[in-house]
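Trainee: The structure is given below, and queries will be raised subsequently.
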Amino acid sequence: MDYLKLANQFIEHSLNGRYITLEKIEPLLLKEKHKSAVKIIGKSVLDKPIYSYEIGTGSMRILIWSQMHGNESTTTKALFDLFNFFDFGSELKTNLLNFFTFCFIPMLNPDGAESYTRENANKIDLNRDAQNLSQPESLVLRRCYDLFKPNYCYNLHDQRSIFGVGKTHNPATVSFLAPSFNEERSFNTVRNNAAKLIIAINRTLQKYIPNQISRFDDGFNINCVGDTFQNLGTSTVLFEAGHFQNDYNRDESRKYLFIALLSSFVAIYENVVVDNKIDEYMNIPQNNTDFFDFVYKNVKINYDNSEIITNFAANYREELINNNVFFNAFVVKIDNLENKIGHFELDADGRTYFDKKQNFPEINQKADFYLENAENLIEIVNGSVI
């Protein structure tokens with residue numbers, strides 16, 4: 001099966017970029033063809049509706065939620081691509097909908113999505129509220145979990161562009177985790193089933209983005225939703241959408257999330273996960289934090305009346321301005337960048353640094369500066385060469 005062809009075929013073109021809000025997805029959910037499957041299952045702190053979309057008639061039940069963190073929208077786009085797939089008649093679609101019942105919550109945190117924040121309107125991280133259940137959105141998810149009684153839970157997130165895959169020097173485009181259910185990080189049948197499913201997804205993704213899939217840290221925190229549901233006896237998989245080369249809007253990454261989701265359903269349907277060995281899950285390289293968005297090497301600076309050669313790095317901050325997300329680059333680290341990688345790297349080859357204020361970079365300074373030698377001048381604006 002050509003999963004990438006399907007991913008390209010079913011892209012929901014009305015959803016692009018990073019800023020995905022309830023206003024953008026509501027018309028898609030409320031299409032005439034979806035109305036019988038869509039319902040409001042609760043309200044947010046600011047009284048925005050939280051929708052579920054339930055399809056399929058099978059006994060295998062999967063609960064899937066996205067945008068628990070409001071500024072993590074890649075998986076929401078992938079879900080609507082998947083909904084387009086389910087709207088289209090095919091033998092695979094029919095087989096899956098006869099085998100599964102899916103309950104999707106495409107946007108658990110509409111207030112956070114509107115403000116482009118990780119937290120909800122009360123500044124609470126919903127993924128640390130699984131025990132206290134202090135927030136209306138947390139109660140919505142838990143009530144849905146209790147009523148739907150899923151065989152699997154899929155917890156969909158984004159991760160920052162700082163993450164890479166083990167020692168490969170590749171970005172972690174997709175990361176997974178079979179969350180721990182206890183402090184000892186033991187494997188029981190429930191966690192085994194989640195890990196075996198990740199093995200199957202990883203095998204498929206390796207065909208499309210080899211060495212760009214990683215495994216998230218499995219430190220136990222019962223306050224996290226995935227750890228709680230795993231502890232309650234439901235096989236739970238964490239999906240993390242990450243950086244694909246030159247894809248800060250995550251409109252390429254979404255395709256690999258679509259592939260991960262659809263191939264997971266096929267793997268369960270075809271029962272190919274049963275013989276997978278946990279060693280293969282543990283051999284998926286772990287996430288590391290080796291990446292910066294920009295790395296500048298061999299830069300000459302004049303500091304304290306001395307000339308030195310140094311390196312420094314900058315990262316983007318995602319800032320919501322007038323309902324648009326802007327990527328603004330700021331200096332985040334100077335000097336010790338051993339084993340660090342830039343999505344963009346520039347060797348200054350001894351060129352002298354200066355900006356409009358001084359002759360050396362500072363932490364939290366906007367990445368606008370010049371690099372000069374006797375032959376030419378390089379101007380950097382917002383991290384990039386112009």
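Labels used: A, B, ... for chains in the order of the structure tokens, numbers from 1 for residues in each chain, and numbers from 1 for ligands as shown.
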Near Phe10 in chain A, counting only C-alpha atoms, which residues have an atom at most 12 Å away, once you skip same-chain residues fewer than 6 positions from it, shown as an mmCIF file with N, CA and C atoms, in the first residue's frame?
Mentor:
data_model
loop_
_atom_site.group_PDB
_atom_site.id
_atom_site.type_symbol
_atom_site.label_atom_id
_atom_site.label_comp_id
_atom_site.auth_asym_id
_atom_site.auth_seq_id
_atom_site.Cartn_x
_atom_site.Cartn_y
_atom_site.Cartn_z
ATOM 1 N N TYR A 3 1.108 4.449 1.268
ATOM 2 C CA TYR A 3 0.515 5.332 2.270
ATOM 3 C C TYR A 3 0.770 6.802 1.956
ATOM 4 N N LEU A 4 1.937 7.117 1.414
ATOM 5 C CA LEU A 4 2.238 8.519 1.127
ATOM 6 C C LEU A 4 1.327 9.052 0.025
ATOM 7 N N LYS A 77 -4.504 18.467 12.014
ATOM 8 C CA LYS A 77 -4.541 18.471 10.542
ATOM 9 C C LYS A 77 -4.555 17.042 10.007
ATOM 10 N N ALA A 78 -3.725 16.186 10.602
ATOM 11 C CA ALA A 78 -3.672 14.789 10.147
ATOM 12 C C ALA A 78 -5.005 14.081 10.367
ATOM 13 N N LEU A 79 -5.692 14.409 11.459
ATOM 14 C CA LEU A 79 -7.003 13.795 11.692
ATOM 15 C C LEU A 79 -7.996 14.181 10.606
ATOM 16 N N PHE A 80 -7.992 15.432 10.209
ATOM 17 C CA PHE A 80 -8.945 15.836 9.171
ATOM 18 C C PHE A 80 -8.562 15.265 7.802
ATOM 19 N N ASP A 81 -7.301 15.029 7.568
ATOM 20 C CA ASP A 81 -6.901 14.272 6.376
ATOM 21 C C ASP A 81 -7.468 12.860 6.453
ATOM 22 N N LEU A 82 -7.392 12.287 7.652
ATOM 23 C CA LEU A 82 -7.932 10.939 7.864
ATOM 24 C C LEU A 82 -9.450 10.922 7.685
ATOM 25 N N PHE A 83 -10.125 11.948 8.165
ATOM 26 C CA PHE A 83 -11.578 12.018 7.976
ATOM 27 C C PHE A 83 -11.919 12.050 6.489
ATOM 28 N N ASN A 84 -11.111 12.756 5.694
ATOM 29 C CA ASN A 84 -11.330 12.761 4.240
ATOM 30 C C ASN A 84 -11.193 11.357 3.671
ATOM 31 N N PHE A 85 -10.219 10.607 4.181
ATOM 32 C CA PHE A 85 -10.067 9.218 3.744
ATOM 33 C C PHE A 85 -11.331 8.423 4.055
ATOM 34 N N PHE A 86 -11.879 8.612 5.255
ATOM 35 C CA PHE A 86 -13.078 7.867 5.639
ATOM 36 C C PHE A 86 -14.323 8.338 4.894
ATOM 37 N N ASP A 87 -14.288 9.546 4.345
ATOM 38 C CA ASP A 87 -15.412 10.031 3.542
ATOM 39 C C ASP A 87 -15.429 9.423 2.144
ATOM 40 N N PHE A 88 -14.301 8.858 1.739
ATOM 41 C CA PHE A 88 -14.135 8.348 0.383
ATOM 42 C C PHE A 88 -14.377 6.838 0.382
ATOM 43 N N ARG A 254 2.550 16.448 8.822
ATOM 44 C CA ARG A 254 1.183 15.939 8.954
ATOM 45 C C ARG A 254 0.985 14.663 8.139
ATOM 46 N N LYS A 255 1.685 14.575 7.001
ATOM 47 C CA LYS A 255 1.531 13.398 6.147
ATOM 48 C C LYS A 255 2.017 12.138 6.852
ATOM 49 N N PHE A 258 -0.500 11.107 9.392
ATOM 50 C CA PHE A 258 -1.579 10.389 8.703
ATOM 51 C C PHE A 258 -1.165 8.946 8.453
ATOM 52 N N ILE A 259 0.051 8.758 7.953
ATOM 53 C CA ILE A 259 0.553 7.402 7.687
ATOM 54 C C ILE A 259 0.622 6.604 8.971
ATOM 55 N N LEU A 262 -3.126 5.703 10.001
ATOM 56 C CA LEU A 262 -3.781 4.722 9.136
ATOM 57 C C LEU A 262 -3.074 3.373 9.198
#
Trainee: Using only C-alpha atoms, which residues sit within 6 Å of range 128-134 of chain A once same-chain residues fewer than 6 positions away are excluded, as an MDAnalysis selection string?
Mentor: chainID A and resid 223:225
Trainee: Okay, now the selection with C-alpha atoms, as a CSV table (one decimal), in the first residue's frame?
Mentor:
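Output file out09.csv follows:
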chain,number,residue,atom,x,y,z
A,223,ASN,CA,-0.6,13.0,36.5
A,224,CYS,CA,-0.1,12.5,32.7
A,225,VAL,CA,-3.1,11.2,30.8
Trainee: Quick one: DSSP strand (DSSP E) residues in range 173-367 of chain A, as a ChimeraX atom specification?
Mentor: /A:174-177,213-215,235-241,287-288,291-303,306-321,324-334,341-347,352-354
Trainee: Name all residues at most 9 Å from range 195-210 of chain A (count only C-alpha atoms; drop same-chain ones fewer than 2 positions away) and give them as a PyMOL selection string.
Mentor: chain A and resi 3-4+173-174+176-179+190-193+212-214+235-237+256+259-261+263-264+267-268+272-278+280-282+284
Trainee: Calculate how many Å separate CA of Tyr51 in chain A from CA of Pro110 in chain A, rounding to one decimal.
Mentor: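 For CA of Tyr51 in chain A relative to CA of Pro110 in chain A, the distance reads 9.9 Å.
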Trainee: Pick out the residues sitting within 12 Å of Asn246 in chain A, and hand them over as number ranges by chain; count only C-alpha atoms, and ignore anything fewer than 3 positions along from it in its own chain.
Mentor: A: 161, 171, 173, 242-243, 249-253, 293-294, 342-344
Trainee: Identify which of the residues A:Phe291, A:Phe216, A:Phe327, A:Phe181 lies closest to Phe163 in chain A, counting only C-alpha atoms when measuring atom-to-atom distances.
Mentor: A:Phe291
Trainee: I'd like the interatomic distance between CA of Asn288 in chain A and CA of Lys167 in chain A, to a tenth of an Å.
Mentor: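 A separation of 8.3 Å between them.
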Trainee: As JSON, numbers by chain, please: all residues of range 164-356 of chain A that backbone DSSP puts in alpha helix (DSSP H).
Mentor: {"A": [189, 190, 191, 192, 193, 194, 195, 196, 197, 198, 199, 200, 201, 202, 203, 204, 205, 225, 226, 227, 228, 229, 230, 231, 253, 254, 255, 256, 257, 258, 259, 260, 261, 262, 263, 264, 265, 266, 267, 268, 269, 278, 279, 280, 281, 282]}
Trainee: Would you save the residues of that selection, restricted to C-alpha atoms, as a tab-separated table (two decimals), in the first residue's frame?
Mentor:
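Here's the written file selection_34.tsv:
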chain	number	residue	atom	x	y	z
A	189	THR	CA	0.20	-7.07	28.68
A	190	VAL	CA	-1.37	-3.62	28.37
A	191	ARG	CA	1.91	-1.78	27.82
A	192	ASN	CA	3.23	-4.61	25.65
A	193	ASN	CA	0.29	-4.18	23.28
A	194	ALA	CA	1.02	-0.46	22.93
A	195	ALA	CA	4.72	-1.14	22.28
A	196	LYS	CA	3.94	-3.85	19.73
A	197	LEU	CA	1.69	-1.45	17.86
A	198	ILE	CA	4.46	1.17	17.79
A	199	ILE	CA	6.80	-1.44	16.31
A	200	ALA	CA	4.37	-1.98	13.42
A	201	ILE	CA	3.96	1.77	12.83
A	202	ASN	CA	7.73	2.28	12.93
A	203	ARG	CA	8.30	-0.43	10.31
A	204	THR	CA	5.92	1.38	7.96
A	205	LEU	CA	7.30	4.87	8.59
A	225	VAL	CA	-3.11	11.25	30.81
A	226	GLY	CA	-1.25	8.50	28.94
A	227	ASP	CA	0.31	7.11	32.12
A	228	THR	CA	-3.08	7.21	33.86
A	229	PHE	CA	-4.93	5.39	31.07
A	230	GLN	CA	-2.13	2.82	30.80
A	231	ASN	CA	-2.35	2.38	34.58
A	253	SER	CA	4.97	16.29	9.01
A	254	ARG	CA	1.18	15.94	8.95
A	255	LYS	CA	1.53	13.40	6.15
A	256	TYR	CA	3.65	11.11	8.29
A	257	LEU	CA	1.17	11.40	11.14
A	258	PHE	CA	-1.58	10.39	8.70
A	259	ILE	CA	0.55	7.40	7.69
A	260	ALA	CA	1.20	6.52	11.33
A	261	LEU	CA	-2.49	6.59	12.17
A	262	LEU	CA	-3.78	4.72	9.14
A	263	SER	CA	-1.03	2.09	9.25
A	264	SER	CA	-1.75	1.51	12.94
A	265	PHE	CA	-5.36	0.70	12.13
A	266	VAL	CA	-4.28	-1.68	9.38
A	267	ALA	CA	-1.79	-3.38	11.71
A	268	ILE	CA	-4.47	-4.01	14.33
A	269	TYR	CA	-7.01	-5.08	11.70
A	278	ILE	CA	9.50	-5.69	22.82
A	279	ASP	CA	13.24	-5.57	22.11
A	280	GLU	CA	12.41	-4.00	18.76
A	281	TYR	CA	10.49	-1.24	20.52
A	282	MET	CA	13.36	-0.57	22.92
Trainee: Can you pull out every residue within 9 Å of His169 in chain A, counting only C-alpha atoms, but drop anything in the same chain fewer than 4 positions away, and send it as a list in words?
Mentor: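 Answer for this query is Gly164, Val165, Asp290, Phe291, Lys340 and Ile341 of chain A.
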Trainee: Please save C-alpha atoms of the selected residues as a PDB file, in the first residue's frame.
Mentor:
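Listing of again_24.pdb after writing:
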ATOM      1  CA  GLY A 164      16.588  14.527  17.118  1.00  0.00           C
ATOM      2  CA  VAL A 165      16.843  10.770  16.673  1.00  0.00           C
ATOM      3  CA  ASP A 290      20.752  17.955  19.972  1.00  0.00           C
ATOM      4  CA  PHE A 291      19.122  20.450  17.606  1.00  0.00           C
ATOM      5  CA  LYS A 340      24.921  20.173  18.645  1.00  0.00           C
ATOM      6  CA  ILE A 341      23.310  20.460  15.206  1.00  0.00           C
TER       7      ILE A 341
END
Trainee: Determine, counting only C-alpha atoms, which protein, DNA and RNA residues have an atom within 8 Å of an atom of Lys366 in chain A; residues of the same chain fewer than 6 positions away are not included. Present the result as a list of chain:residue names.
Mentor: A:Asn328, A:Ala329, A:Phe330, A:Val331, A:Asn382
Trainee: Determine the nearest neighbour of Thr57 in chain A from the options A:Phe102, A:Phe187, A:Tyr154, A:Tyr303, counting only C-alpha atoms.
Mentor: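 Ranking A:Phe102, A:Phe187, A:Tyr154, A:Tyr303 by distance to Thr57 in chain A, first place goes to A:Phe102.
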Trainee: May I ask which of the residues A:Asn8, A:Gln159, A:Asn98, A:Ser115 is the closest one to Thr75 in chain A, counting only C-alpha atoms?
Mentor: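 Result for the nearest residue to Thr75 in chain A: A:Gln159.
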Trainee: Work out how far apart CA of Asn122 in chain A and CA of Lys149 in chain A are and give it in Å to one decimal.
Mentor: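 Between CA of Asn122 in chain A and CA of Lys149 in chain A the gap works out to 28.4 Å.
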Trainee: Between A:Phe292, A:Phe239, A:Phe104, A:Phe99, which has the minimum distance to Phe148 in chain A (counting only C-alpha atoms)?
Mentor: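 Answer, going by the shortest atom-to-atom distance: A:Phe104.
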Trainee: Go through A:Asn155, A:Ser44, A:Ser66, A:Ser175 one by one, measure the shortest atom-to-atom distance of each to Gln135 in chain A using only C-alpha atoms, and give the residue with the smallest value.
Mentor: A:Ser44
